[in-house]
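Asks: Following this message is one structure expressed as structure tokens.
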Amino acid sequence: MIQPHDSAIVRTLGRIIIPVSQLFGIYVLMFGQYGPGGGFVGGVVFAASMIMAILIFGVDSTDSNLARKILHGDGVGLLIFAGVGGLCLIGGGQFLNYSYLQIPNLDEPSQHFVGILLTQIGVAVDVAVTGVSIAISLSFEEDVTRSEEASNG
Amino acid sequence: MVELLQTLLQRPNFIVFVILFLWGIYIMAAHPNFVKKLIGLYIVQTSAIFFLVAFSAKEGATVPIIPDGETVVNALNYANPLPHVLTVTAIVVQVATLGVSLALVTAIYRHFGSLEEDEILEQLDEQ
Amino acid sequence: MSSNLPMLLFLIPFVVGVAIPTVTVKRRALCPIIALGTVSVMVLLAIANLHVVQTKGPIEYALGGWGAPIGIAWLDDSLAAVVILAICMAALLSLIYGQVTVSSEHKKSMQYYTLILILLSGLVGIVFAADLFNVFVFLEVAALTGYALVGAGGGKASLYAFRYLLLGSFGATLYLLGLGHLYVATGTLNMADLAVRIPEILTSTAVVSGLIYIFLGLSIKMALIPLHSWLPDAYVNAPSAVSPLLASTVTKVALVAWVRIEYSLIAPNVEVGHVPVLVVLEELGVLAALIGGALALIQTDLKRMFAYGGVSHIGLILIGVSLGNTTGFTGGMFYLINDMFMQAALFMIAGILLHYHGARTLDDIRDTARFSPWLTGSLVVAAIAMVGLPPTGGFFGKWNIILGALEAQHYVAAFAVLGSTLLTLAYFLKIFASWFFQPQAGDTAAVELSGASRISLGIISITMIALGLSSDSVFQLLLATVNSGGV
């Protein structure tokens, strides 16, 4: 069981750093369109912030709520990625051929932009969920989602 | 012989790659602790990725995106994106391998109570 | 729609496999139904794919609309179509067989179905990939799910799964290194493009070391002797529901990947520094076939015997494809497809023995009084196929490999095939001696097998015989691949 950290300094700093690093993760994800960055790194930074929340505040506290809730989204990222590719398939082209992405009111460059952005968001969500689940399962925690359901229902 | 040494010393990146690769293999083979073997595997994979980075680095190159309005494209100014993509994908594969391997190490610890290879082999011989 | 078949064949198991944990979190009993339904749909799509490729020719699928060599392309030719149909059928039969030992109340059953579906999608990706890096990515997807499946049994199995992981990941790293070397030398990763650019520079150090690294990496994955040490332990200790699928597909698909790379890049009679490349590969196959057969002969544990038998057959197939003529190539590939079903059948039999009779070694088999006629019948059919007697497919595969060896005047290879056949006959005689031994004059009734095991054993035995009877049409399909130039 991971207990909340004793030192007040660590907890206060955590309250400041964790939201800033989550924002940085989302920024890196969006900046991947124009420079280094993209889905993988954004997801990893996001996961690092949530693992920090678990380590500083413990698994049960309200501050690490996001980390516990996000474990339910196992595989959602892949479904977003495959969903975008499938939309392109349905639109008439090959898998991930963004020229055939049929979203109304979008011209050709915006279709590519939206398509790539959606795939990167899918990748980031998947990487974040994987990172948090590896960290939680390796710390001998019982199934966090299962114990939540047992205490709620 | 001297020319061979000269050509080798002009390529320090590849010498580093060879040292990392061989050192990682030695760690994988020689240490009995499973987590140390995993670290050795990680170093071997990192050395292969380092090899990919070593030949894709380009001096003075910029991001391969053509800004608005430019028509003349000189390929020398832009970095080749393909090896960088190979690197990123290989890193992701490495992380996934690390995740599965740590789960297996946890399962081994839960069953055998130890992470040293010689102790586990003794337990297996007794069974 | 038909031009999108390769992508559908890959996407369907992948998406369903990833969606299973979320969809069946409350209704556990749905898992087997969803998995069996998905794999049946895949078998139908694979048959449709084979039909399309036969009538309209190979499908080149460019992902994202970017054609080769700029983009990633998938090549769906007749070899790929036949191999994928074989993989899907083997997966369907293994899933049906898995119902014998995996029950839905078991906590880990959902993970079993998820991992098998993702493994299937990885294997499909390896066969379709026409790009070296795509092969690496799907090789790792299939391998990671393989490690997890072997280690899922818990206990001793996790130790051997860890060894499999160390060796397998090392092999993949060697493959990545070789890929990097080839990229540095030519600037492209597409197999068709490499086939154009490499023959001029085949003797340069970068290309030779790249090909050596790729071969070493793939030989660890396909368990070519002497790099096979992970295989016996992993397959013996894997759960019985898992070993038919793993034993039949994982090593063979790595061999298919090597065949694609070798056939485009290494023409017959090419020499590097006065060493003929294909002859070296063939001698390695000879060693693997003979040593594997000999190692199988001295085992007492049944699953271990079958595992070494599989290792020796990889050597046989490597002999076939490295002969350099079309007879040997088609014989080797046909034997690969047969070997998938033979290995699956053998591991199913071994699993049923363990589950119903608790028998692991030859001594345990000798002490058991009576076996179900289904079990005995399928063992006899599998033995006939492994030794290579007509009318099963094993005969036609070995016959063509020997014919190809005689055509190329490589008599050592022909003797090696015959020697491996004799060794296979010997260890099956050992098994039969224990099987048909009557311990005492008791009239105990045979244990009744469940419906699932009867269906899977029956269909797989029929498939092995049917492959032999329809060998001509399969050979025509494989020849079409060779004649169209691209492999």
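A note on labels: chains of the structure tokens are A, B, ... as shown, every chain counts residues from 1, and ligands are counted from 1 in their shown order.
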Could you list, as a list in words, every residue within 8 Å of A:Leu78, counting only C-alpha atoms and ignoring same-chain residues fewer than 6 positions away?

Replies: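 My list of contacting residues is Gly122, Val123 and Asp126 of chain A; Val15 and Val18 of chain C.
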
Asks: What would the file look like if the residues just selected were written as an mmCIF file, in the first residue's frame with C-alpha atoms?

Replies:
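Dumped everything to selection_34.cif:
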data_model
loop_
_atom_site.group_PDB
_atom_site.id
_atom_site.type_symbol
_atom_site.label_atom_id
_atom_site.label_comp_id
_atom_site.auth_asym_id
_atom_site.auth_seq_id
_atom_site.Cartn_x
_atom_site.Cartn_y
_atom_site.Cartn_z
ATOM 1 C CA GLY A 122 -5.411 7.896 -29.411
ATOM 2 C CA VAL A 123 -1.742 6.986 -29.056
ATOM 3 C CA ASP A 126 -3.075 4.408 -24.794
ATOM 4 C CA VAL C 15 -9.904 -4.425 -32.467
ATOM 5 C CA VAL C 18 -8.549 -5.014 -27.476
#

Asks: Output the contact residues of chain A with respect to chain B at a cut-off of 8 Å, based on only C-alpha atoms, as a PDB file with C-alpha atoms, in the first residue's frame.

Replies:
ATOM      1  CA  TYR A  34       4.966  21.315 -36.146  1.00  0.00           C
ATOM      2  CA  GLY A  35       8.012  20.044 -34.307  1.00  0.00           C
ATOM      3  CA  PHE A  40       4.192   8.966 -27.615  1.00  0.00           C
ATOM      4  CA  ILE A 134       2.432  -0.951 -15.340  1.00  0.00           C
ATOM      5  CA  SER A 137       0.520  -3.568 -11.106  1.00  0.00           C
ATOM      6  CA  LEU A 138       4.194  -3.697 -10.228  1.00  0.00           C
TER       7      LEU A 138
END

Asks: Would you give me, as number ranges by chain, the residues of chain C that come within 9 Å of chain B, using only C-alpha atoms?

Replies: C: 133, 137, 140-141, 144-145, 147-148, 151-152, 154-159, 161-162, 165-166, 169-170, 172-174, 176-177, 180-181, 183-184

Asks: Residues of chain C within 6 Å of chain A, counting only C-alpha atoms - could you list those as a list in words?

Replies: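 Filtering chain C at 6 Å from chain A with only C-alpha atoms gives Val18, Leu63, Gly64 and Gly65 of chain C.
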
Asks: May I have all residues of stretch 70-139 of chain C that DSSP, computed from the backbone, assigns to alpha helix (DSSP H), given as a ChimeraX atom specification?

Replies: /C:78-98,109-128,132-139

Asks: Give me, as a list in words, all polymer residues having an atom no more than 6 Å from stretch 45-57 of chain C, counting only C-alpha atoms and skipping those fewer than 3 positions away in the same chain.

Replies: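 With the cut-off at 6 Å, the set is Met42, Ala81 and Leu85 of chain C.
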
Asks: Using the chain letters and numbers from this document, which residues of stretch 29-118 of chain B does DSSP assign to strand (DSSP E or B), as a PyMOL selection string?

Replies: chain B and resi 33+62+78+116

Asks: Write out as a count of residues only which residues come within 6 Å of stretch 117-130 of chain C when counting only C-alpha atoms, dropping same-chain ones fewer than 5 positions away.

Replies: 15
